[in-house]
Amino acid sequence: MNRAASLENFLLRWPGTLLFVTHDRVFLRKLATRIVELDRGQLTSWACPYDQYVERKQALLEAQEQQWAAFDKKLAQEETWLRKGVKARRTRNEGRVRALESLRSERQARRAMTGAVNMQAQRGERSGRKVIAATDLCYAWADDLLVRDFSTTIMRGDKIGLLGPNGCGKTTLLHLLLGRLAPQGGTVAHGTKLEIAYFDQHRAQLNEALTVAQNIVGDNDTLTINGRRRHIISYLEDFLFPPERARTPVRALSGGERNRLLLARLFARPANVLVLDEPTNDLDMETLDLLEDLLVEFDGTLLLVSHDRAFLNEVVTSTLVFEGAGRITEYVGGYDDWLRQRPLPAAPAPQAVTAPRAPAAAQTRPHKLTFKEQKELEALPDRITKLEQELAGLHQQMSAPDYYRRAPAVLKADHARWEQIPGALEKAYDRWAELEEHKG
């Protein structure tokens, strides 16, 4: 989270031209002065900030819908006229027939909106009032203390977000709270009648060799959604998988498609506790909005890990924030509420002897990089690229269906490295921004 804010501040001060692709709506609102949109094969430039773009786009779609309705009405009238027969074949009406052919061609070339995901959560049996009680939890990985003396009580209906930099231990805390990982200190107690649905950011729940449909119903053709029997093809169409895509092996899916499949799998089962670990990755804006609405209306308990600040602001009612050295603090509200409540850094201690005041010109002069710092700056982009490639490679390995058949020592080493890389990336980005700023 802090890395995103640091990057925003750095880019806001940067005097050059910036072209970026993101699903982060807060990032868009703060930085974008113009939106370039690729929609149904058409590239459109909107010379306005993001919120104005959303309003103008909606107005355009409504006007387009009215135009298409009028067009379709005219086409239907001309088709009726042609079917009358004799008059349409007269020489003096050949121009009207050609105009109808033109209308048909125009209608055939029209590209409609893809459609929106139709998500609904299956309601499980009402859980007990107390869902999870954790007391003095402790957990360390190698020499890295991830959770220290953490206690909390999660009640039915709570919607809790987990905030912290990559690699700080958010997924580890989820596994501790769910009983998937034994704490090294402290205890975890679960309430009664819990039906837990878990969204795994590594997508390890998906079998790459099976089709989209088989990953949800196996060899069956139907499933039950809120008491109603549905065919799997119909159900998957709600998540924008056409019939031919529903029969495609998972290994051929894009990142966004895999996330939609995980959501389809998640909501195919009744649950009163939803645990979502980075569900917003690779989702388009419309699907994000729909998932937000669904989670806001969900009357069960929610544990949510996400780097999408707007998503957290809309959905969660409290946040657990990783503040370093295994310390986790709970705050009321979402991301912006945490920003308002978090303690300010301590002011520096006053100096016993006041140094002579430097001339104004010297105070404002940018720090000149040393030879060593210049070399460090030049090497940072390559280092960041290598770290990101290593992280992507680990992610791909850990998503393979047979990954967990490997030796425990290999799994432990991979997991440790996967936890380390995001922290190293964050430090590299911060150092890059620092050196660029000093360079002037």
# chains A, B, ... in the order shown; residues from 1 in each chain; ligands from 1
>>> residues_around(residues="A:Arg13", least_positions_apart="2", cutoff="12 Å", atoms="only C-alpha atoms", output="list in words")
Ser6, Leu7, Glu8, Asn9, Phe10, Leu11, Pro15, Gly16, Thr17, Leu18, Lys30, Leu31, Ala433, Glu436, Glu437 and Gly440 of chain A
>>> write_last_selection(atoms="C-alpha atoms", output="PDB file, in the first residue's frame")
ATOM      1  CA  SER A   6       5.110   6.463  -2.848  1.00  0.00           C
ATOM      2  CA  LEU A   7       4.951   5.697  -6.554  1.00  0.00           C
ATOM      3  CA  GLU A   8       1.967   8.049  -6.968  1.00  0.00           C
ATOM      4  CA  ASN A   9       3.797  10.895  -5.223  1.00  0.00           C
ATOM      5  CA  PHE A  10       6.923  10.267  -7.273  1.00  0.00           C
ATOM      6  CA  LEU A  11       4.974  10.260 -10.565  1.00  0.00           C
ATOM      7  CA  PRO A  15       7.703  16.423 -15.177  1.00  0.00           C
ATOM      8  CA  GLY A  16       7.629  14.011 -18.148  1.00  0.00           C
ATOM      9  CA  THR A  17       4.835  12.301 -20.073  1.00  0.00           C
ATOM     10  CA  LEU A  18       3.348   9.185 -18.494  1.00  0.00           C
ATOM     11  CA  LYS A  30      -4.818  10.743  -8.793  1.00  0.00           C
ATOM     12  CA  LEU A  31      -2.682  10.595 -11.939  1.00  0.00           C
ATOM     13  CA  ALA A 433      12.488   6.976  -6.408  1.00  0.00           C
ATOM     14  CA  GLU A 436      15.840   9.931  -8.994  1.00  0.00           C
ATOM     15  CA  GLU A 437      14.605  12.660  -6.661  1.00  0.00           C
ATOM     16  CA  GLY A 440      17.111  16.424  -9.698  1.00  0.00           C
TER      17      GLY A 440
END
>>> residues_around(residues="A:Glu125", least_positions_apart="6", cutoff="10 Å", atoms="only C-alpha atoms", output="number ranges by chain")
A: 193-195, 270-272, 300
>>> select_by_dssp(residues="stretch 139-305 of chain A", states="strand (DSSP E)", output="number ranges by chain")
A: 139-141, 144-155, 159-163, 185-190, 196-199, 222-225, 228-231, 273-277, 301-305
>>> residues_around(residues="A:Lys159", least_positions_apart="3", cutoff="6 Å", atoms="only C-alpha atoms", output="list in words")
Thr301, Leu302, Val316 and Thr317 of chain A
>>> residues_around(residues="stretch 407-421 of chain A", least_positions_apart="2", cutoff="12 Å", atoms="only C-alpha atoms", output="JSON, numbers by chain")
{"A": [140, 141, 142, 143, 144, 145, 146, 165, 166, 167, 168, 169, 170, 171, 172, 202, 383, 384, 385, 386, 387, 388, 389, 390, 391, 392, 393, 394, 395, 396, 397, 398, 402, 403, 404, 405, 423, 424, 425, 426, 427, 428]}
>>> write_last_selection(atoms="C-alpha atoms", output="JSON list (two decimals), in the first residue's frame")
[["chain", "number", "residue", "atom", "x", "y", "z"],
["A", 140, "ALA", "CA", 7.94, -16.84, 12.20],
["A", 141, "TRP", "CA", 9.41, -18.06, 8.92],
["A", 142, "ALA", "CA", 13.15, -18.69, 9.17],
["A", 143, "ASP", "CA", 14.43, -15.50, 10.85],
["A", 144, "ASP", "CA", 11.44, -13.39, 9.74],
["A", 145, "LEU", "CA", 8.82, -12.73, 12.44],
["A", 146, "LEU", "CA", 5.50, -12.48, 10.60],
["A", 165, "PRO", "CA", 3.27, -4.76, 1.91],
["A", 166, "ASN", "CA", 3.84, -7.86, -0.20],
["A", 167, "GLY", "CA", 5.53, -10.62, 1.74],
["A", 168, "CYS", "CA", 4.61, -9.28, 5.19],
["A", 169, "GLY", "CA", 2.53, -12.36, 6.10],
["A", 170, "LYS", "CA", -1.09, -11.60, 5.17],
["A", 171, "THR", "CA", -1.66, -15.02, 3.58],
["A", 172, "THR", "CA", 0.11, -16.67, 6.52],
["A", 202, "HIS", "CA", -2.07, -18.61, -6.42],
["A", 383, "ARG", "CA", 17.47, -5.60, -10.71],
["A", 384, "ILE", "CA", 13.73, -4.84, -10.50],
["A", 385, "THR", "CA", 13.10, -6.67, -13.79],
["A", 386, "LYS", "CA", 14.98, -9.76, -12.57],
["A", 387, "LEU", "CA", 13.09, -9.78, -9.27],
["A", 388, "GLU", "CA", 9.74, -9.47, -11.03],
["A", 389, "GLN", "CA", 10.66, -12.26, -13.45],
["A", 390, "GLU", "CA", 11.76, -14.48, -10.56],
["A", 391, "LEU", "CA", 8.48, -13.79, -8.72],
["A", 392, "ALA", "CA", 6.46, -14.56, -11.85],
["A", 393, "GLY", "CA", 8.40, -17.80, -12.34],
["A", 394, "LEU", "CA", 7.75, -18.87, -8.75],
["A", 395, "HIS", "CA", 4.08, -17.98, -9.13],
["A", 396, "GLN", "CA", 3.84, -20.15, -12.26],
["A", 397, "GLN", "CA", 5.59, -23.06, -10.54],
["A", 398, "MET", "CA", 3.39, -22.84, -7.44],
["A", 402, "ASP", "CA", 1.63, -31.27, -9.29],
["A", 403, "TYR", "CA", 3.68, -28.62, -7.48],
["A", 404, "TYR", "CA", 2.96, -29.83, -3.95],
["A", 405, "ARG", "CA", 4.30, -33.29, -4.75],
["A", 423, "GLY", "CA", 9.89, -6.84, 0.17],
["A", 424, "ALA", "CA", 13.06, -6.64, -1.94],
["A", 425, "LEU", "CA", 11.03, -5.18, -4.81],
["A", 426, "GLU", "CA", 9.48, -2.54, -2.56],
["A", 427, "LYS", "CA", 12.90, -1.49, -1.26],
["A", 428, "ALA", "CA", 14.25, -1.34, -4.83]]
>>> select_by_dssp(residues="stretch 89-268 of chain A", states="helix (DSSP H, G or I)", output="ChimeraX atom specification")
/A:89,91-109,170-178,214-217,232-237,243-246,250-252,255-266
>>> closest_residue(among="A:Leu240, A:Val321, A:Leu291, A:Ile216", to="A:Val305", atoms="only C-alpha atoms")
A:Val321
>>> atom_distance(atom1="atom CA of A:Asp277", atom2="atom CA of A:Arg156")
19.2 Å
>>> residues_around(residues="A:Arg203", least_positions_apart="4", cutoff="8 Å", atoms="only C-alpha atoms", output="ChimeraX atom specification")
/A:199,258-259,262,399
>>> residues_around(residues="A:Phe150", least_positions_apart="2", cutoff="8 Å", atoms="only C-alpha atoms", output="MDAnalysis selection string")
chainID A and resid 134:138 147:148 152 327:328
>>> atom_distance(atom1="atom CA of A:Tyr198", atom2="atom CA of A:Gly161")
14.6 Å
>>> atom_distance(atom1="atom CA of A:Arg110", atom2="atom CA of A:Lys84")
26.7 Å
